[in-house]
There are 4 protein chains.
Amino acid sequence: MVERRPVGFGDPDGTPVPEPATGGMAGGTYALDDEAVARLVPERSKRGHKGSFGKLLVIAGSLDYAGAAFLVCRAAGRAGAGLVTLAVPESLQPLFAAKVIEATTMALPEDDVEEVDPEPALAKILDHDHDALVIGPGLRPSLATADLLRLLLTTSDEPPEGWSDETQTGEGPQPRTADGSPVVLDAEALRTLASADAWWTRVGRRCVLTPHAGEFARLRAGSGHDPADDGDLNADDEARARAAAAAAGEWQQVVVLKGARTVIAAPDGNLAVAPFENPAMASGGTGDVLSGTIGALLAQGLDAFDAACLGVYLHGLAGDAVRERVGDAGLLAGDLPDALPIGRRRLARLAERQRTGRRLGFGASREADRDGDDEGGSDADPAGGAADGDAGGAS
Amino acid sequence: MVERRPVGFGDPDGTPVPEPATGGMAGGTYALDDEAVARLVPERSKRGHKGSFGKLLVIAGSLDYAGAAFLVCRAAGRAGAGLVTLAVPESLQPLFAAKVIEATTMALPEDDVEEVDPEPALAKILDHDHDALVIGPGLRPSLATADLLRLLLTTSDEPPEGWSDETQTGEGPQPRTADGSPVVLDAEALRTLASADAWWTRVGRRCVLTPHAGEFARLRAGSGHDPADDGDLNADDEARARAAAAAAGEWQQVVVLKGARTVIAAPDGNLAVAPFENPAMASGGTGDVLSGTIGALLAQGLDAFDAACLGVYLHGLAGDAVRERVGDAGLLAGDLPDALPIGRRRLARLAERQRTGRRLGFGASREADRDGDDEGGSDADPAGGAADGDAGGAS
Amino acid sequence: MVERRPVGFGDPDGTPVPEPATGGMAGGTYALDDEAVARLVPERSKRGHKGSFGKLLVIAGSLDYAGAAFLVCRAAGRAGAGLVTLAVPESLQPLFAAKVIEATTMALPEDDVEEVDPEPALAKILDHDHDALVIGPGLRPSLATADLLRLLLTTSDEPPEGWSDETQTGEGPQPRTADGSPVVLDAEALRTLASADAWWTRVGRRCVLTPHAGEFARLRAGSGHDPADDGDLNADDEARARAAAAAAGEWQQVVVLKGARTVIAAPDGNLAVAPFENPAMASGGTGDVLSGTIGALLAQGLDAFDAACLGVYLHGLAGDAVRERVGDAGLLAGDLPDALPIGRRRLARLAERQRTGRRLGFGASREADRDGDDEGGSDADPAGGAADGDAGGAS
Amino acid sequence: MVERRPVGFGDPDGTPVPEPATGGMAGGTYALDDEAVARLVPERSKRGHKGSFGKLLVIAGSLDYAGAAFLVCRAAGRAGAGLVTLAVPESLQPLFAAKVIEATTMALPEDDVEEVDPEPALAKILDHDHDALVIGPGLRPSLATADLLRLLLTTSDEPPEGWSDETQTGEGPQPRTADGSPVVLDAEALRTLASADAWWTRVGRRCVLTPHAGEFARLRAGSGHDPADDGDLNADDEARARAAAAAAGEWQQVVVLKGARTVIAAPDGNLAVAPFENPAMASGGTGDVLSGTIGALLAQGLDAFDAACLGVYLHGLAGDAVRERVGDAGLLAGDLPDALPIGRRRLARLAERQRTGRRLGFGASREADRDGDDEGGSDADPAGGAADGDAGGAS
C-alpha cells in the first residue's frame with residue numbers, strides 16, 4: 001500500500017499538487033513520488049523461477065490494431081512478468097505469432113465469420129493458468145467481444161442474459177472462476193462497459209480501469225451521470241481527482257484516469273496523483289504500454305491500487321527518460337517498454353536503502369542512490385532519490 | 001509563416017543561395033535556416049493528449065512497394081503526429097498489420113481482382129476522423145487508384161466523369177468533405193495527376209505536392225508546358241526555383257521540388273530554398289520519409305507552406321545527422337525517422353530562446369543553444385544555433 | 001573436459017558452493033568459474049569456413065510458441081555455430097522464414113491435419129547434414145511429435161512399437177543413424193520422455209537433457225522415482241546436485257538441472273555447479289536460449305558434458321551482463337543472444353593466457369585480462385580473470 | 001582499376017602475401033590494402049539523385065533460404081546503391097515484402113507448381129530498369145531456376161536448347177539484352193553453372209563469380225578439371241591464387257575465390273589477394289552480404305574486377321569491425337551491412353587525401369586519416385591509413 005504522505009510533500013519537480021476536493025472521499029490523497037512508490041516495488045527472490053514472477057494473459061489486438069497487442073506484451077515483459085501469453089482470434093494467430101518473441105500466443109475459437117466464439121473462448125481462457133489479465137487494447141468493437149467480456153467479468157456460473165439481472169445480483173458476487181484473477185480493463189473493454197447496464201453490480205473480479213478522459217466520460221454517462229457535471233477532465237486537476245474518486249466509489253474498482261497528472265482512485269477513497277506532464281507521451285499506443293505494465297504488476301502479486309500506482313509511475317518515468325532523448329515530440333510508444341526496467345531498478349535500490357535505513361535508524365530519505373562498488377552501503381548522502389538522474393539511461 | 005529574410009543571409013554552411021529569377025513571383029525568396037524555421041515549430045501543450053497533436057491518414061503501400069508505407073508512418077510518428085492510420089487494400093492488411101507497431105491500419109474495400117473499389121473506399125476514408133492525409137507513396141499504378149484520388153481531391157458531391165468538367169468548375173471549388181483536410185501528394189499520386197486534364201482547376205483541398213525533378217517534369221508536361229523550357233531541374237538552382245514558383249502559381253498549391261537544395265514554392269509567390277546537398281540521401285525511400293514528415297506537420301495544424309518548409313528542413317537535418325555517422329553512401333531511408341526528433345528539439349529550444357530574447361530585448365540570434373543544467377537561461381552566447389552540433393546525436 | 005578443482009575454490013562471487021552428497025557419484029563435484037570453463041572454449045582456426053564451426057539442426061517452434069524457435073536459432077548463431085537450420089512443419093515454414101535472418105528453414109512433411117508426419121519427417125532429417133540437434137523448445141504436445149522423437153532417439157533400424165522393447169534393448173544400443181549426432185532435449189521433448197517407458201534403455205545418441213525443476217520431477221516420476229524423495233529441487237542445492245547426479249547415472253546422459261545455481265551432471269559421476277543466481281533470468285524464453293547455446297557447442301565438437309558446462313556458463317554470463325543494464329526484473333530472453341559472444345571472447349582470452357602461461361611457466365591464474373594494445377602479451381597482472389569487468393559490455 | 005603494387009608491399013597486418021605461381025597469368029598480383037583500394041571508391045556527386053547511384057536487381061531467396069535475400073538487399077543499400085529491387089516468385093512476394101524496408105519487390109510469374117516460369121520471368125526482368133544484377137543467393141535448386149539463369153546469361157535471341165550449342169557459339173557472343181548489365185553469380189547460380197556444358201562459351205554478360213572453395217571445385221570439375229589438381233583450396237594460398245587465375249582465364253570472367261585471404265582474379269591475368277583472415281566470418285549468410293556489396297558497386301559503375309576488389313575489401317573491413325566487438329565467434333551475417341559504410345567513408349577520405357596530395361606534390365601514402373576538425377588538411381602524418389582504427393566504430 002502506498003504510504004500516506006500529505007499532498008505537496010516531496011513532489012519531484014517541485015510543482016505543488018493541487019488539493020483535490022475531499023467531499024465524498026473516505027481516504028487521503030497522495031502525490032506519487034520516488035519514495036512513496038519505491039515501497040511498492042516487489043522484492044524479487046534471487047532463486048525465483050519464471051512461474052514465481054507471475055503469468056499474465058493478454059486479450060488484445062486485432063487486424064486494425066495489431067501493434068497494441070505487441071506493446072502490451074512487451075511492456076509486461078519489461079515490467080517483470082515471468083510469462084506473458086497473448087490470446088487472439090484463431091485466424092489472427094499467425095500474424096501475432098510472427099510479431100512477438102518472448103510472449104506465447106493462444107488461439108481463441110472463432111465462429112464462421114472469424115469473430116471470437118464467446119463460450120468456447122471463455123472455456124479456453126479459464127483453462128489457462130494465469131495470475132492476471134489485461135483485456136481490451138486494440139480489440140475491435142463487436143458483439144462477440146462484448147459477450148466474451150461479460151462472461152469473463154460476471155460472477156454467476158449461469159451466464160445471465162444481460163449485465164444487470166437483478167435476481168442474480170441480489171445474491172451478491174459469486175466468483176465464476178476459482179482464481180478470480182485480477183484484470184486490467186482498457187480501450188474497447190471500457191467502451192463495452194460504458195454501454196452495459198449497471199455492469200459494476202455484476203463484476204466479480206478485482207479490476208483496474210484505465211480510461212483516458214474521453215473513455216471516462218462515456219463510462220460516467222453509462223453510469224447515469226452527466227459528464228458535464230464532472231468538469232473539465234483534461235485541464236482541471238481538481239475535477240479529475242473528484243470525478244475519478246466518485247467513479248471508483250460507485251464502481252467499487254480502481255480507476256486510473258489517464259492524462260497529464262494521471263489520477264489513481266481506489267474504492268476505499270484512497271487517491272493518488274502522478275507528477276508527470278509529458279507532451280511526448282500524447283502519442284498512439286502509450287496507453288497500451290500502461291495496461292501491460294499494470295497487468296504485469298498484478299501478476300506479480302500487487303493489489304490493484306498498488307499495481308496501478310506503481311504502473312503509472314514506472315510508465316511515467318519511462319516517458320520522461322525517452323523525452324530526455326527525443327524531446328517533446330516524436331516519442332513512439334515502442335520506445336517505452338525498454339525504458340521501464342531502468343526506473344524500476346532505481347526504485348528497487350531506493351527501497352533497499354529505505355529498508356536498510358529503517359534498520360539502522362537513519363531516515364531513508366537522506367540516503368544516496370549509489371550505483372558503484374559501494375552500493376548497498378548505509379552511508380548517508382544528502383542527494384535524495386528523487387533527484388537521481390539515472391532514469392534517463394534507458395538501454 | 002516563415003519570417004522574411006533576404007536570400008544569402010544566415011545560410012548555415014556559408015554557401016550563398018543563388019538568386020532566383022523573380023519574374024512571375026509575387027512574393028519573396030528565402031533561404032531556410034535554423035532561425036527562420038524554428039519559428040514554425042508548433043508549441044506543444046504540456047497537457048495535450050494524442051488527439052491534440054493531430055491524426056494523420058496515410059494511403060500508401062502495395063505489395064511491390066511495401067516499405068514505403070512503413071516509412072511514411074514511422075516518419076509521421078517521429079515528426080510528432082498523435083495518431084497515424086495506414087489505409088491499405090483489404091487483402092494487404094495482414095501484411096501491413098505485421099509491419100507497423102504504433103500506426104493502426106484500415107482496410108479499403110476491394111473488387112474481385114483485389115483492386116481498391118473507389119466509391120466504398122472513399123466512403124470509408126471520409127468516415128475516418130483525421131486532420132491531414134498523405135496519398136501516394138508506394139501505390140501501384142491502376143485505374144482504381146486514379147479514381148480514388150480523383151474522388152478524394154475533387155470538389156463536387158456528384159463525382160464528375162473527368163477531372164475538368166467545365167460546367168462544374170465554373171461554380172468554383174466546393175469542398176466535398178466537411179473537414180477538407182489538407183493532403184500531401186507524392187509518387188503515384190503525382191503520376192496520376194500528370195495524366196489528368198487540368199486537375200488543378202478541380203481540386204478543393206489544400207495540397208502539398210512533393211515531386212522530384214522527373215515527376216515535376218511530367219506534371220509540367222501534363223499542364224501543357226514543355227519541360228525543356230524549365231531548364232535543368234537537377235543542376236540549375238535558378239531554373240528549379242523559377243519552375244517551382246511558376247507551377248505553384250498555376251496549380252495554386254504548394255510545390256516541393258525535391259533534390260539538392262529543395263525548393264518550396266507557395267501559390268502566393270513565396271519561395272523557400274533549403275540548404276541541404278547530401279549525396280547520402282539519394283537512396284530509395286527518403287522521399288517517403290519526407291511526405292510522412294510534412295503530413296504529420298499538417299496534422300499538427302501548420303499551414304501548407306509552413307509544413308512543407310519545416311518538413312523539408314527537419315528531413316534535411318535528419319539526413320545530415322545520419323551522414324555524419326555513415327558518410328556519403330550507405331544511408332538507408334529507415335535511418336531517418338529516428339533522427340527527426342533531435343532536429344525538432346533543437347529548433348524548439350531555439351524558438352524558446354527567440355521568444356525569451358524578444359521578451360528581454362535581446363536579439364534571438366545571439367543566444368546559445370545550451371543543453372546543460374542552465375538550459376533556458378537567458379545568457380548570451382556567441383555561438384549561433386546554426387553552428388550547434390547536436391543534430392548528429394540521433395538516438 | 002572441465003579441469004578438476006575442489007568445490008569452493010575460485011567461486012567468482014565468494015559464496016561457497018554447498019558440498020553435495022557424494023553417495024552414488026563416481027566422480028568429483030566442481031564449481032564452475034572463469035578459469036575452469038575457459039579451458040573448454042574451442043579454439044577457432046583463423047582459416048576455418050562456416051562448415052568448420054558446426055551445423056546445427058533445430059526442431060522447435062509451433063504456432064503457440066513461435067518465439068522459442070527464433071531464440072534457439074539466434075542463440076546458436078551467437079554461440080558460434082557455423083550454420084543453423086530450423087526444421088518446422090511445412091504449413092508453418094512461411095511464418096518462420098519471415099522471422100529468422102541467418103538461419104535457414106526446412107519443411108517437415110505433414111499429414112492431413114497439419115501434424116508432422118513422423119516417418120517422412122525422419123527421413124528428411126536424417127538426409128540433412130548436421131553435427132548436432134536441438135529438439136523440443138516451443139513444440140506443441142502431440143502424438144506425432146512424440147513419434148518423431150522416438151524415431152530420432154531410438155537405436156534400431158526397425159522402429160520398435162514402444163520405447164522399451166526388451167528383445168531389442170538386450171542387444172545393446174544400435175545407433176540408428178550413421179552420424180549419431182548428439183542432441184539437446186528440452187521442453188516438450190522432455191515431457192515426451194517423461195511419459196515413455198524406460199526411454200533411457202533405448203536411446204542411442206548422446207543427449208543433454210535440460211529440465212527445470214518441474215520437468216525434472218516429471219522425468220524422475222517417469223523413471224519410477226517419487227519426486228518427493230528428491231527433496232526441494234528449487235531451494236536445496238544439495239538435493240539438486242544429488243538428484244541430478246542420480247538421474248544422469250540412471251539415464252546415462254548428461255543432465256542440466258536448471259534454476260539458480262544450475263547443476264550439470266554426467267553419467268560418469270562428474271558434477272558441476274554454476275554460480276549464477278539471477279532473478280532477471282526467471283523470464284519466459286531464457287531456457288530456449290540455453291538449449292541453442294549448448295547445441296551450438298555440441299556442433300562445434302565439444303563433448304556433451306563440456307558443452308553443457310560451457311553453455312550454462314556463457315548463458316549465465318550473458319544474463320549477468322543484461323542484469324547489469326536492466327536490473328533484477330524486465331530482462332527479455334531476446335536480450336541474451338547478443339550478450340553471448342562477449343563472455344566467450346573474455347573466456348577465450350583467458351584460455352590464451354592460460355596456454356601462454358603454461359608455456360612460460362607462470363601460473364595462469366595470475367595473469368591479467370588485458371583488452372588493449374598489448375593483448376596477448378605475457379606480462380603478469382594481479383587482477384585475475386574472475387574479477388574482469390567486461391562481461392557487462394554486451395553489444 | 002587497382003593500382004599496381006608488388007605483392008608484399010603495404011600488407012596491413014605485416015604478413016607477407018605468398019607469391020602466387022605466375023604461369024598462365026598475363027598480369028600482376030597485388031595485395032589489397034587501404035591505399036590500393038581507396039582509389040576504387042566512386043566519387044559521389046553532391047547533387048546526385050537516387051538514379052545516379054545505381055539500380056540493382058536481386059534474384060535471390062526462397063522459402064528455405066529467405067534470409068539470404070534480405071541480406072543481399074540490405075548489404076546493397078549500405079554499399080551505396082540508389083535503388084534495390086528484389087525479384088521473387090509470385091507466391092513468395094508477401095513474405096519478402098514483409099521482410100524488407102527500403103528495397104522494393106517484384107513478382108516473377110510462376111507455373112502451376114509455384115516454380116518460376118522462365119520465359120515470362122525473363123521478359124519481366126528484361127523490362128525492369130537496372131544497372132546490375134545479383135543472382136543466386138538463397139535460391140532453391142530447380143530446373144526452372146536453371147532455365148531462367150541460362151536465358152539471362154546466354155547471348156542469342158533464340159534461346160538455345162543447351163548451354164553449348166556450337167553453331168551459335170561459333171558466331172561469338174551476341175548480347176541478348178540492350179543493356180547487358182553486369183551480374184554477380186553466387187550460390188545456386190554457381191551450382192547451376194557447374195552442371196552446364198561449357199557455359200562460359202555462351203555467356204554474353206560481364207560476370208563476377210563468387211564461389212567458396214567447395215563451389216569452386218564443382219565449377220572446375222564442370223569445366224573438365226580434376227579439382228585435386230588445384231591443390232588445397234582452403235589452406236594453400238598459392239594454390240588458391242593459381243586456380244582462381246586459371247579459372248578466370250578459362251571462363252573469361254572475374255572470379256572471387258572466397259575464404260581466408262580471398263582471391264580476386266580477372267580474365268586478363270590480374271590477381272588481387274585480400275588480407276582478411278577472420279574466423280568470425282565463417283558463419284551462414286556472410287557470402288550473401290558479399291554478393292550484395294559487389295552488386296551495388298557494379299550498379300554504381302565500377303568495372304567487374306574493381307567492384308570485386310572493393311567489395312571484398314569493404315566486406316572484410318566490416319567483418320573486422322564486428323569482430324572487434326564480438327570476438328572470433330558469434331558474428332551474425334546481419335551484423336555486417338550496417339558496418340559497411342564506415343569502411344567506405346574511411347577509404348573515401350583517404351582517396352580525397354590521395355587526390356589532394358597528388359595535386360600538392362606530396363606522396364599520398366604519407367598523409368594521415370584525420371576525422372576531426374582539420375579533416376581534409378594536407379599536413380603529413382606518419383600513421384598510414386592501414387593502421388587507422390576507426391573501422392571498429394560501426395554504427
# chains A, B, ... in the order shown; residues from 1 in each chain; ligands from 1
>>> interface_residues(of="chain A", to="chain B", cutoff="9 Å", atoms="only C-alpha atoms", output="short mmCIF file (atom, residue, chain, number, x, y, z; two decimals) with N, CA and C atoms, in the first residue's frame")
data_model
loop_
_atom_site.label_atom_id
_atom_site.label_comp_id
_atom_site.auth_asym_id
_atom_site.auth_seq_id
_atom_site.Cartn_x
_atom_site.Cartn_y
_atom_site.Cartn_z
N SER A 62 -6.12 -6.77 -32.88
CA SER A 62 -6.99 -7.14 -34.00
C SER A 62 -6.23 -6.76 -35.25
N LEU A 63 -6.82 -7.02 -36.38
CA LEU A 63 -6.15 -6.68 -37.63
C LEU A 63 -5.94 -5.17 -37.72
N ASP A 64 -6.93 -4.40 -37.29
CA ASP A 64 -6.80 -2.95 -37.35
C ASP A 64 -5.79 -2.40 -36.34
N TYR A 65 -5.73 -3.04 -35.20
CA TYR A 65 -4.90 -2.52 -34.11
C TYR A 65 -3.94 -3.61 -33.64
N ALA A 66 -3.10 -4.06 -34.54
CA ALA A 66 -2.22 -5.19 -34.21
C ALA A 66 -1.10 -4.76 -33.27
N GLY A 67 -0.60 -3.56 -33.45
CA GLY A 67 0.51 -3.12 -32.64
C GLY A 67 0.18 -3.03 -31.16
N ALA A 68 -1.08 -2.76 -30.85
CA ALA A 68 -1.48 -2.63 -29.45
C ALA A 68 -1.13 -3.89 -28.66
N PHE A 70 1.12 -6.14 -29.35
CA PHE A 70 2.57 -6.22 -29.22
C PHE A 70 3.07 -5.34 -28.08
N LEU A 71 2.54 -4.13 -28.01
CA LEU A 71 3.02 -3.18 -26.99
C LEU A 71 2.65 -3.64 -25.59
N LEU A 92 -6.13 -14.93 -36.56
CA LEU A 92 -5.06 -13.93 -36.47
C LEU A 92 -3.81 -14.46 -35.79
N LEU A 95 -0.41 -14.06 -37.62
CA LEU A 95 0.08 -12.68 -37.64
C LEU A 95 0.78 -12.33 -36.34
N PHE A 96 0.14 -12.67 -35.22
CA PHE A 96 0.72 -12.28 -33.94
C PHE A 96 1.89 -13.17 -33.55
N ALA A 98 4.06 -14.10 -35.54
CA ALA A 98 5.20 -13.52 -36.24
C ALA A 98 5.69 -12.24 -35.57
N LYS A 99 4.84 -11.62 -34.77
CA LYS A 99 5.13 -10.28 -34.25
C LYS A 99 5.80 -10.30 -32.89
N ASN A 234 -9.73 17.21 -18.82
CA ASN A 234 -8.39 17.31 -19.37
C ASN A 234 -7.54 18.33 -18.59
N ALA A 235 -8.16 19.43 -18.24
CA ALA A 235 -7.36 20.55 -17.74
C ALA A 235 -7.48 20.81 -16.25
N GLY A 259 -3.86 10.85 -18.43
CA GLY A 259 -3.66 12.20 -18.95
C GLY A 259 -2.49 12.84 -18.22
N ALA A 260 -2.34 14.14 -18.41
CA ALA A 260 -1.34 14.84 -17.61
C ALA A 260 -1.75 14.72 -16.15
N ARG A 261 -0.80 14.42 -15.28
CA ARG A 261 -1.08 14.20 -13.85
C ARG A 261 -2.18 13.14 -13.67
N GLU A 277 3.77 15.34 -16.55
CA GLU A 277 3.12 16.10 -17.63
C GLU A 277 4.10 16.07 -18.80
N ASN A 278 3.88 15.19 -19.71
CA ASN A 278 4.88 14.94 -20.75
C ASN A 278 4.20 14.94 -22.10
N PRO A 279 4.32 16.02 -22.86
CA PRO A 279 3.61 16.07 -24.15
C PRO A 279 4.08 14.99 -25.12
N ALA A 280 5.30 14.49 -24.95
CA ALA A 280 5.78 13.44 -25.85
C ALA A 280 4.95 12.17 -25.70
N MET A 281 4.29 12.01 -24.55
CA MET A 281 3.51 10.80 -24.32
C MET A 281 2.14 10.84 -25.01
N ALA A 282 1.77 11.97 -25.54
CA ALA A 282 0.48 12.08 -26.21
C ALA A 282 0.61 11.52 -27.62
N SER A 283 0.74 10.21 -27.70
CA SER A 283 1.08 9.53 -28.95
C SER A 283 0.46 8.15 -28.92
N GLY A 284 -0.03 7.69 -30.07
CA GLY A 284 -0.78 6.44 -30.13
C GLY A 284 -0.01 5.25 -29.57
N GLY A 285 -0.63 4.50 -28.66
CA GLY A 285 -0.03 3.28 -28.16
C GLY A 285 0.56 3.39 -26.78
N THR A 286 0.71 4.61 -26.27
CA THR A 286 1.31 4.73 -24.94
C THR A 286 0.39 4.13 -23.87
N ARG A 325 15.66 12.00 -24.35
CA ARG A 325 16.39 11.73 -25.61
C ARG A 325 15.79 12.45 -26.80
N VAL A 326 14.46 12.36 -26.96
CA VAL A 326 13.87 12.80 -28.23
C VAL A 326 13.19 14.16 -28.14
N GLY A 327 12.97 14.66 -26.96
CA GLY A 327 12.28 15.93 -26.85
C GLY A 327 10.78 15.77 -26.69
N ASP A 328 10.05 16.89 -26.89
CA ASP A 328 8.62 16.92 -26.58
C ASP A 328 7.75 16.27 -27.64
N ALA A 329 8.31 15.95 -28.79
CA ALA A 329 7.52 15.36 -29.87
C ALA A 329 8.33 14.26 -30.53
N GLY A 330 7.65 13.23 -31.00
CA GLY A 330 8.33 12.20 -31.76
C GLY A 330 8.61 10.94 -30.98
N LEU A 331 8.21 10.88 -29.71
CA LEU A 331 8.26 9.61 -28.99
C LEU A 331 7.30 8.63 -29.66
N LEU A 332 7.76 7.41 -29.85
CA LEU A 332 6.87 6.34 -30.29
C LEU A 332 6.64 5.40 -29.12
N ALA A 333 5.43 4.87 -29.03
CA ALA A 333 5.10 4.03 -27.87
C ALA A 333 6.07 2.86 -27.73
N GLY A 334 6.57 2.38 -28.85
CA GLY A 334 7.51 1.28 -28.81
C GLY A 334 8.83 1.62 -28.15
#
>>> select_by_dssp(residues="range 82-279 of chain B", states="strand (DSSP E)", output="ChimeraX atom specification")
/B:83-89,104-108,132-135,183-185,207-209,254-257,263-265,271-273
>>> write_last_selection(atoms="N, CA and C atoms", output="compact mmCIF listing (two decimals), in the first residue's frame")
# COMPACT_ATOMS: atom_id res chain seq x y z
N LEU B 83 -1.62 10.44 -33.81
CA LEU B 83 -2.13 9.15 -34.25
C LEU B 83 -1.92 9.02 -35.75
N VAL B 84 -1.49 7.87 -36.20
CA VAL B 84 -1.26 7.63 -37.62
C VAL B 84 -2.03 6.37 -38.02
N THR B 85 -2.81 6.46 -39.07
CA THR B 85 -3.55 5.31 -39.58
C THR B 85 -3.15 5.06 -41.03
N LEU B 86 -2.88 3.83 -41.33
CA LEU B 86 -2.48 3.44 -42.68
C LEU B 86 -3.64 2.72 -43.36
N ALA B 87 -4.13 3.28 -44.46
CA ALA B 87 -5.21 2.65 -45.21
C ALA B 87 -4.63 1.87 -46.38
N VAL B 88 -4.97 0.59 -46.43
CA VAL B 88 -4.44 -0.29 -47.50
C VAL B 88 -5.57 -1.17 -48.03
N PRO B 89 -5.40 -1.68 -49.25
CA PRO B 89 -6.41 -2.61 -49.76
C PRO B 89 -6.59 -3.77 -48.80
N THR B 104 -2.03 2.39 -36.71
CA THR B 104 -3.12 1.44 -36.89
C THR B 104 -3.35 1.28 -38.39
N THR B 105 -4.06 0.23 -38.75
CA THR B 105 -4.32 0.01 -40.17
C THR B 105 -5.82 0.01 -40.44
N MET B 106 -6.19 0.29 -41.68
CA MET B 106 -7.59 0.37 -42.08
C MET B 106 -7.71 -0.31 -43.43
N ALA B 107 -8.68 -1.20 -43.56
CA ALA B 107 -8.85 -1.94 -44.81
C ALA B 107 -9.73 -1.16 -45.77
N LEU B 108 -9.23 -0.94 -46.98
CA LEU B 108 -10.06 -0.33 -48.02
C LEU B 108 -10.73 -1.43 -48.82
N ALA B 132 -5.22 15.34 -41.53
CA ALA B 132 -4.45 15.50 -42.76
C ALA B 132 -4.28 14.13 -43.41
N LEU B 133 -3.90 14.17 -44.68
CA LEU B 133 -3.74 12.95 -45.47
C LEU B 133 -2.38 12.95 -46.15
N VAL B 134 -1.81 11.76 -46.31
CA VAL B 134 -0.70 11.57 -47.24
C VAL B 134 -1.17 10.54 -48.25
N ILE B 135 -1.06 10.84 -49.53
CA ILE B 135 -1.51 9.90 -50.56
C ILE B 135 -0.41 9.69 -51.58
N VAL B 183 -3.67 17.73 -47.72
CA VAL B 183 -3.14 16.46 -48.19
C VAL B 183 -1.76 16.64 -48.82
N VAL B 184 -0.88 15.68 -48.53
CA VAL B 184 0.41 15.61 -49.21
C VAL B 184 0.27 14.62 -50.36
N LEU B 185 0.64 15.06 -51.55
CA LEU B 185 0.57 14.19 -52.73
C LEU B 185 1.98 13.84 -53.18
N CYS B 207 -3.19 21.34 -50.89
CA CYS B 207 -2.27 20.23 -51.16
C CYS B 207 -0.82 20.71 -51.05
N VAL B 208 0.04 19.74 -50.69
CA VAL B 208 1.48 19.91 -50.85
C VAL B 208 1.91 18.82 -51.83
N LEU B 209 2.44 19.23 -52.97
CA LEU B 209 2.94 18.27 -53.95
C LEU B 209 4.44 18.13 -53.76
N VAL B 254 0.95 24.32 -52.91
CA VAL B 254 2.35 24.35 -52.51
C VAL B 254 3.11 23.24 -53.24
N VAL B 255 4.23 23.60 -53.82
CA VAL B 255 5.04 22.64 -54.57
C VAL B 255 6.41 22.51 -53.90
N VAL B 256 6.79 21.27 -53.60
CA VAL B 256 8.12 20.98 -53.06
C VAL B 256 8.90 20.27 -54.16
N LEU B 257 9.83 20.98 -54.77
CA LEU B 257 10.65 20.37 -55.82
C LEU B 257 11.91 19.79 -55.15
N VAL B 263 13.43 23.12 -53.23
CA VAL B 263 12.70 24.38 -53.34
C VAL B 263 11.26 24.17 -52.86
N ILE B 264 10.75 25.09 -52.06
CA ILE B 264 9.35 25.07 -51.65
C ILE B 264 8.70 26.35 -52.17
N ALA B 265 7.66 26.17 -52.99
CA ALA B 265 7.01 27.32 -53.61
C ALA B 265 5.55 27.36 -53.22
N LEU B 271 8.67 31.73 -51.76
CA LEU B 271 9.58 30.69 -52.22
C LEU B 271 10.66 30.50 -51.16
N ALA B 272 10.94 29.26 -50.82
CA ALA B 272 11.99 28.99 -49.85
C ALA B 272 12.94 27.95 -50.44
N VAL B 273 14.21 28.07 -50.10
CA VAL B 273 15.22 27.13 -50.61
C VAL B 273 15.95 26.52 -49.42
>>> select_by_dssp(residues="range 8-241 of chain A", states="helix (DSSP H, G or I)", output="ChimeraX atom specification")
/A:34-38,50-53,66-78,90-99,118-127,143-153,166-169,188-194,199-201,213-222,227-230,237-241
>>> residues_around(residues="Ala38 in chain D", least_positions_apart="5", cutoff="7 Å", atoms="only C-alpha atoms", output="ChimeraX atom specification")
/D:347-348,350-351
>>> write_last_selection(atoms="N, CA and C atoms", output="short mmCIF file (atom, residue, chain, number, x, y, z; two decimals), in the first residue's frame")
data_model
loop_
_atom_site.label_atom_id
_atom_site.label_comp_id
_atom_site.auth_asym_id
_atom_site.auth_seq_id
_atom_site.Cartn_x
_atom_site.Cartn_y
_atom_site.Cartn_z
N LEU D 347 37.81 4.95 -46.53
CA LEU D 347 38.54 4.86 -47.80
C LEU D 347 38.30 6.11 -48.65
N ALA D 348 37.07 6.63 -48.62
CA ALA D 348 36.77 7.83 -49.41
C ALA D 348 37.61 9.01 -48.92
N LEU D 350 40.51 8.77 -47.45
CA LEU D 350 41.88 8.50 -47.87
C LEU D 350 42.05 8.87 -49.35
N ALA D 351 41.07 8.52 -50.16
CA ALA D 351 41.14 8.84 -51.59
C ALA D 351 41.22 10.35 -51.78
#
>>> closest_residue(among="C:Ala121, C:Ala221, C:Ala241, C:Ala144", to="Lys258 in chain C", atoms="only C-alpha atoms")
C:Ala241
>>> atom_distance(atom1="CA of Thr145 in chain A", atom2="CA of Phe305 in chain A")
26.3 Å
>>> atom_distance(atom1="CA of Ile294 in chain C", atom2="CA of Leu40 in chain C")
12.4 Å
